Amino acid sequence: MPDVQSMVLEFVNKLRKRKIEGSQATARCTVELLRSVISHHRVPHHANQASALIDAVKAVGAQLVAANPVELAVGNVVRRVLHIIREEDLSLATAAVAGLDLLDASDDDEDVNGKGIGYTAMSAAVVAAAARSTLRPPSLQTLLEGTPESATVPYTSSSGADSESKTADKSSITRKLKHDVIEGVNQLIHEIAGCHEQIAEQAIEHIHQNEVILTLGSSRTVLEFLCAAKEKKRSFRVFVAEGAPRYQGHLLAKELVARGLQTTVITDSAVFAMISRVNMVIIGAHAVMANGGVIGPVGVNMAALAAKKHAVPFVVLAGSHKLCPLYPHNPEVLLNELRSPSELLDFGEFSDCLDFGSGSGSPLLQVVNPTFDYVPPSLVSLFITDTGGHIPSYMYRLIADYYSADDLVM
Amino acid sequence: MWRRSASFILDKHQNNKPMSLTPSIDSPPPLSASVADENPSPNHISAYYQTRAAHHEIVTSDWLEQAQAAVRRYPDQDSPVSEKPFSVIEEFNKWRQQPALAEAVAAIRALAAVIRASDGNTMMELEIELKKASDTLKAWDTTSISLTAGCDLFMRYVTRTSALEFEDFNSAKSRVLGRAEKFGEISNKARTIIAMLSQDFIFDGCTILVHGFSRVVFEVLKTAAQNKKLFRVLCTEGRPDKTGLLLAKELAKLDVPVKLLIDSAVAYCMDEVDMVFVGADGVVESGGVINMMGTYQIAIVAHSMNKPVYVAAESYKFARLYPLDQKDLEPALRPIDFGVAVPLKVEVERSARDYTPPQFLTLLFTDLGILTPSVVSDELIQLYS
């Protein structure tokens, strides 16, 4: 246990100091950490062990999210893991009830007490349906039905039953939950690692012969996407906006040339000038919000506006770990990070303007260097995720599939 | 090539002939008439809006508390049901008098009372009785969308299989009754949930434009004020219901800076507005909303200036309607007082509500969570399939 604690603290430190770059790497490390937390956590051997696991994961998750609130992938994968725990618990519960149903039918043939009948009258299907509704986001149906207290109802009522075989079943069930959850988490890690290939497979449907693609910033997903189309013998050109002040567009251009693609580097200010020559804009997102809005590297909002004005399709690539179930209410401020002004201006040259010691105590020259940009959903034409292509107004569906409503606030 | 036919002249002739003997249509019938059992609007004056108008005249926060306390004592004074035939309309009107209670919830409570008073012995009998009661309620005021939606939801609930899992009729009946009561409590809870969800969207220093006196929106603003957020509100006057004046009075009590505008000044003030907040009479399948007259106009202006339009609506207002244009709705008319007598030959547009299509709305705050307009049709399909 202390081993896990120190691992958590170490990871929190790394997040706070922004030592891990990129949402995929962050997501992967977070999931692996949570897997260790789950496997080391000692679960109680009676009912409500799912809630024990959920509480443990939530506690760690809250710490991680607080360390780097701008890296939304951390919160996303924590919620994914919580959803996996709930799902596995639910499937075990329905399996248990179905199993107990059969046992009851065979044992209590002559025993016609009201309790026995009352229990089996609540058929497995009903319990499953009721419990499943706790997992889905609240809807009009669940509002009317009213949800049962927890999915552990079958466990508590089975304690009233008598056969020994049932208690043996129970302990095997407890071990099974952890095992199933770890399996689910492993699948999640696999999914995160393989998102680039899944997205790149769809490249051939979207990029056609002799097209001109515009991109911004340096996203590995975009790189793989473009190269996959190249592999399938499509010949096309790429315009790369350099992405000042970090100039990551330069790196991307170099890599594209190394893979044999015809590339042109342009300044960010030239995006509006060149957009009329472009067939499609493809960018990688940092995060996708529940309303379909996109958080991307600074400059994408400008590219999106230019694309809208010239009716150029604006395509966003995002792995499933980037889907965030929250609605952005002030993304330009709350989901942004201001980096060091030294990337823009050289301290040596401008030290007199930036000096806090002069005059009234605050310098006359201010430098703002935001990392991210918010693109509203009306400007996005298509999202390509590892499950396929979707329009922005459809993103809420994916979110309902991947996350549970109870985990939104941690 | 296509000339507009002067059909409005033909329509007017047709309308004028049978109504030439009725009194002037601009004077409202007395409120007591609307409490009668039969349809009280031979002139199609919408009872729903009359009730809202009556509520607007008397609602103040302290009156509200007193009324709530009085009503809580009410159920004990119920006259024994066996003395007179049970009338669902009377029950409905009894609940409707509470200003804080939404109409749909009043209808649900009336239908729950029908279940309680029913002496049927099978679920089928109960269902038939309920259907009759529900149809009576719906026919009483065909213009109220939340009433129809609330009744439909309740009926939908009763015909679902989950209630039939019990062999014993009495336990099924009591369970259905229990849930009906629960649905009744959802109204106030829904408003608190919506108020909680929308808190993040109100930031310090923002300006909110509000149209109409929606109890849900008022709850949102009240909660924000109680959380010590600094914001100011622009309210439209809301002719002819004077909703703006009432809202301004209530907000002034909460020390929220308020500014009143005439309805035509919305576009003029739109550039200083950060967001628009409206309630809804009903949310339709397309994701659009039906609300007080003027909402569509404001939404168009806000959309053209890139201001977000937020709608606060409880989930029982989701109705199975799909209006294609403004005239697709049941006409809901109300009397409009211009201050001077209107010459007889002049027509007055008296519709009380309009339909705002989903492309002008940004987000809907409901007790099911924050939804984009495209989620609404999904929800309705799930419920009714």
# chains A, B, ... in the order shown; residues from 1 in each chain; ligands from 1

call {"tool": "closest_atom_pairs", "arguments": {"of": "chain B", "to": "chain A", "cutoff": "9 Å", "atoms": "only C-alpha atoms", "output": "JSON lines"}}
result
{"residue": "B:Leu153", "atom": "CA", "partner": "A:Leu144", "partner_atom": "CA", "distance": 8.5}
{"residue": "B:Phe154", "atom": "CA", "partner": "A:Leu144", "partner_atom": "CA", "distance": 8.3}
{"residue": "B:Tyr157", "atom": "CA", "partner": "A:Leu144", "partner_atom": "CA", "distance": 6.7}
{"residue": "B:Ser162", "atom": "CA", "partner": "A:Val126", "partner_atom": "CA", "distance": 7.6}
{"residue": "B:Glu165", "atom": "CA", "partner": "A:Met122", "partner_atom": "CA", "distance": 7.3}
{"residue": "B:Phe166", "atom": "CA", "partner": "A:Ala121", "partner_atom": "CA", "distance": 7.5}
{"residue": "B:Glu167", "atom": "CA", "partner": "A:Ala121", "partner_atom": "CA", "distance": 8.6}
{"residue": "B:Arg179", "atom": "CA", "partner": "A:Leu144", "partner_atom": "CA", "distance": 7.2}
{"residue": "B:Ala180", "atom": "CA", "partner": "A:Leu144", "partner_atom": "CA", "distance": 8.5}
{"residue": "B:Lys182", "atom": "CA", "partner": "A:Leu144", "partner_atom": "CA", "distance": 8.5}
{"residue": "B:Phe183", "atom": "CA", "partner": "A:Leu144", "partner_atom": "CA", "distance": 6.9}
{"residue": "B:Ile186", "atom": "CA", "partner": "A:Leu143", "partner_atom": "CA", "distance": 8.8}
{"residue": "B:Asp200", "atom": "CA", "partner": "A:His329", "partner_atom": "CA", "distance": 6.6}
{"residue": "B:Phe201", "atom": "CA", "partner": "A:His329", "partner_atom": "CA", "distance": 5.3}
{"residue": "B:Ile202", "atom": "CA", "partner": "A:His329", "partner_atom": "CA", "distance": 8.4}
{"residue": "B:Phe203", "atom": "CA", "partner": "A:Asn330", "partner_atom": "CA", "distance": 8.5}
{"residue": "B:Ser315", "atom": "CA", "partner": "A:Leu140", "partner_atom": "CA", "distance": 6.7}
{"residue": "B:Tyr316", "atom": "CA", "partner": "A:Leu140", "partner_atom": "CA", "distance": 7.7}
{"residue": "B:Phe318", "atom": "CA", "partner": "A:Leu140", "partner_atom": "CA", "distance": 9.0}
{"residue": "B:Leu363", "atom": "CA", "partner": "A:Asn291", "partner_atom": "CA", "distance": 8.5}
{"residue": "B:Asp367", "atom": "CA", "partner": "A:Pro138", "partner_atom": "CA", "distance": 8.3}
{"residue": "B:Leu368", "atom": "CA", "partner": "A:Pro138", "partner_atom": "CA", "distance": 5.3}
{"residue": "B:Gly369", "atom": "CA", "partner": "A:Pro138", "partner_atom": "CA", "distance": 7.5}
{"residue": "B:Ile370", "atom": "CA", "partner": "A:Tyr327", "partner_atom": "CA", "distance": 7.8}
{"residue": "B:Leu371", "atom": "CA", "partner": "A:Asn291", "partner_atom": "CA", "distance": 8.1}
{"residue": "B:Thr372", "atom": "CA", "partner": "A:Asn291", "partner_atom": "CA", "distance": 6.6}
{"residue": "B:Pro373", "atom": "CA", "partner": "A:Ser393", "partner_atom": "CA", "distance": 8.5}
{"residue": "B:Ser374", "atom": "CA", "partner": "A:Ser393", "partner_atom": "CA", "distance": 6.3}
{"residue": "B:Val375", "atom": "CA", "partner": "A:Tyr396", "partner_atom": "CA", "distance": 7.6}
{"residue": "B:Glu379", "atom": "CA", "partner": "A:Ser139", "partner_atom": "CA", "distance": 6.7}
{"residue": "B:Leu380", "atom": "CA", "partner": "A:Leu140", "partner_atom": "CA", "distance": 7.9}
{"residue": "B:Gln382", "atom": "CA", "partner": "A:Gln141", "partner_atom": "CA", "distance": 7.8}
{"residue": "B:Leu383", "atom": "CA", "partner": "A:Gln141", "partner_atom": "CA", "distance": 5.7}

call {"tool": "closest_atom_pairs", "arguments": {"of": "segment 262-362 of chain A", "to": "segment 21-32 of chain A", "cutoff": "8 Å", "atoms": "only C-alpha atoms", "output": "Markdown table"}}
result
| residue | atom | partner | partner_atom | distance |
| --- | --- | --- | --- | --- |
| A:His286 | CA | A:Ser23 | CA | 6.9 |
| A:His321 | CA | A:Ala27 | CA | 7.0 |
| A:Lys322 | CA | A:Ser23 | CA | 7.5 |

call {"tool": "write_last_selection", "arguments": {"atoms": "N, CA and C atoms", "output": "compact mmCIF listing (two decimals), in the first residue's frame"}}
result
# COMPACT_ATOMS: atom_id res chain seq x y z
N HIS A 286 -6.61 18.52 -28.75
CA HIS A 286 -6.08 18.23 -27.41
C HIS A 286 -7.19 17.58 -26.59
N HIS A 321 -9.66 8.71 -25.73
CA HIS A 321 -9.28 9.21 -24.41
C HIS A 321 -9.34 10.73 -24.36
N LYS A 322 -9.61 11.37 -25.49
CA LYS A 322 -9.71 12.83 -25.51
C LYS A 322 -11.14 13.31 -25.36

call {"tool": "select_by_dssp", "arguments": {"residues": "segment 226-361 of chain A", "states": "strand (DSSP E or B)", "output": "list in words"}}
result
Arg237, Val238, Phe239, Val240, Ala241, Gln262, Thr263, Thr264, Val265, Ile266, Met280, Val281, Ile282, Ile283, Gly284, Ala287, Val288, Val294, Ile295, Gly296, Pro297, Phe314, Val315, Val316, Leu317, Leu323 and Leu338 of chain A

call {"tool": "select_by_dssp", "arguments": {"residues": "segment 170-407 of chain A", "states": "helix (DSSP H, G or I)", "output": "JSON, numbers by chain"}}
result
{"A": [170, 171, 172, 173, 174, 175, 176, 177, 178, 179, 180, 181, 182, 183, 184, 185, 186, 187, 188, 189, 190, 191, 192, 193, 195, 196, 197, 198, 199, 200, 203, 204, 205, 206, 220, 221, 222, 223, 224, 225, 226, 227, 228, 229, 230, 231, 248, 249, 250, 251, 252, 253, 254, 255, 256, 257, 258, 268, 269, 270, 271, 272, 273, 274, 275, 276, 277, 300, 301, 302, 303, 304, 305, 306, 307, 308, 309, 320, 321, 322, 331, 332, 333, 334, 341, 342, 343, 347, 348, 349, 350, 377, 378, 379, 392, 393, 394, 395, 396, 397, 398, 399, 400, 401, 402, 405, 406, 407]}

call {"tool": "residues_around", "arguments": {"residues": "segment 256-263 of chain A", "least_positions_apart": "4", "cutoff": "7 Å", "atoms": "only C-alpha atoms", "output": "PDB file with N, CA and C atoms, in the first residue's frame"}}
result
ATOM      1  N   ARG A 237      -0.846  17.019 -51.457  1.00  0.00           N
ATOM      2  CA  ARG A 237       0.109  17.972 -50.899  1.00  0.00           C
ATOM      3  C   ARG A 237      -0.355  18.414 -49.528  1.00  0.00           C
ATOM      4  N   VAL A 238       0.595  18.809 -48.705  1.00  0.00           N
ATOM      5  CA  VAL A 238       0.253  19.242 -47.350  1.00  0.00           C
ATOM      6  C   VAL A 238       0.815  20.638 -47.107  1.00  0.00           C
ATOM      7  N   PHE A 239      -0.042  21.532 -46.594  1.00  0.00           N
ATOM      8  CA  PHE A 239       0.423  22.843 -46.132  1.00  0.00           C
ATOM      9  C   PHE A 239       0.503  22.753 -44.615  1.00  0.00           C
ATOM     10  N   LEU A 252       6.926  18.856 -37.820  1.00  0.00           N
ATOM     11  CA  LEU A 252       5.981  18.041 -38.577  1.00  0.00           C
ATOM     12  C   LEU A 252       6.357  18.022 -40.051  1.00  0.00           C
TER      13      LEU A 252
END

call {"tool": "atom_distance", "arguments": {"atom1": "atom CA of His41 of chain A", "atom2": "atom CA of Ala66 of chain A"}}
result
22.0 Å

call {"tool": "atom_distance", "arguments": {"atom1": "atom CA of Gly150 of chain B", "atom2": "atom CA of Ala319 of chain B"}}
result
8.4 Å

call {"tool": "residues_around", "arguments": {"residues": "Val8 of chain A", "least_positions_apart": "5", "cutoff": "9 Å", "atoms": "only C-alpha atoms", "output": "list in words"}}
result
Asp3, Asn13, Leu33, Leu34, Val37, Val60, Gln63 and Leu64 of chain A

call {"tool": "closest_atom_pairs", "arguments": {"of": "segment 252-343 of chain B", "to": "segment 347-361 of chain B", "cutoff": "9 Å", "atoms": "only C-alpha atoms", "output": "tab-separated table"}}
result
residue	atom	partner	partner_atom	distance
B:Asp281	CA	B:Arg353	CA	8.7
B:Ser286	CA	B:Pro358	CA	6.6
B:Gly287	CA	B:Pro358	CA	5.1
B:Gly288	CA	B:Pro358	CA	4.2
B:Val289	CA	B:Thr356	CA	5.3
B:Ile290	CA	B:Tyr355	CA	4.5
B:Asn291	CA	B:Arg353	CA	5.5
B:Met292	CA	B:Arg353	CA	4.4
B:Met293	CA	B:Arg353	CA	4.1
B:Gly294	CA	B:Asp354	CA	7.1
B:Thr295	CA	B:Thr356	CA	6.9
B:Tyr296	CA	B:Thr356	CA	4.8
B:Gln297	CA	B:Thr356	CA	8.4
B:Ala299	CA	B:Phe360	CA	5.8
B:Ile300	CA	B:Phe360	CA	6.4
B:Ala302	CA	B:Phe360	CA	8.1
B:His303	CA	B:Phe360	CA	5.8
B:Pro308	CA	B:Leu361	CA	7.2
B:Val309	CA	B:Leu361	CA	5.2
B:Tyr310	CA	B:Leu361	CA	6.5
B:Val311	CA	B:Leu361	CA	7.5
B:Pro323	CA	B:Tyr355	CA	7.8
B:Leu324	CA	B:Pro357	CA	8.9
B:Asp325	CA	B:Tyr355	CA	7.5
B:Gln326	CA	B:Tyr355	CA	5.8
B:Lys327	CA	B:Asp354	CA	8.7
B:Leu329	CA	B:Tyr355	CA	8.2
B:Pro331	CA	B:Ser351	CA	6.5
B:Ala332	CA	B:Ser351	CA	5.5
B:Leu333	CA	B:Ser351	CA	4.5
B:Arg334	CA	B:Arg350	CA	5.7
B:Pro335	CA	B:Arg350	CA	6.5
B:Ile336	CA	B:Arg350	CA	6.7
B:Val342	CA	B:Glu347	CA	8.6
B:Pro343	CA	B:Glu347	CA	8.7

call {"tool": "atom_distance", "arguments": {"atom1": "atom CA of Leu188 of chain A", "atom2": "atom CA of Ala285 of chain A"}}
result
19.7 Å

call {"tool": "residues_around", "arguments": {"residues": "Val301 of chain B", "least_positions_apart": "5", "cutoff": "9 Å", "atoms": "only C-alpha atoms", "output": "JSON, numbers by chain"}}
result
{"B": [266, 267, 270, 296, 306, 307]}

call {"tool": "residues_around", "arguments": {"residues": "segment 232-234 of chain A", "least_positions_apart": "6", "cutoff": "10 Å", "atoms": "only C-alpha atoms", "output": "ChimeraX atom specification"}}
result
/A:203-204,207-211,226

call {"tool": "residues_around", "arguments": {"residues": "Tyr402 of chain A", "least_positions_apart": "6", "cutoff": "9 Å", "atoms": "only C-alpha atoms", "output": "list in words"}}
result
Arg79, Arg80, His83, Ile84, Ser320 and Leu323 of chain A

call {"tool": "closest_residue", "arguments": {"among": "A:Glu349, A:Asp89, A:Asp386, A:Asp55", "to": "Asp180 of chain A", "atoms": "only C-alpha atoms"}}
result
A:Asp89
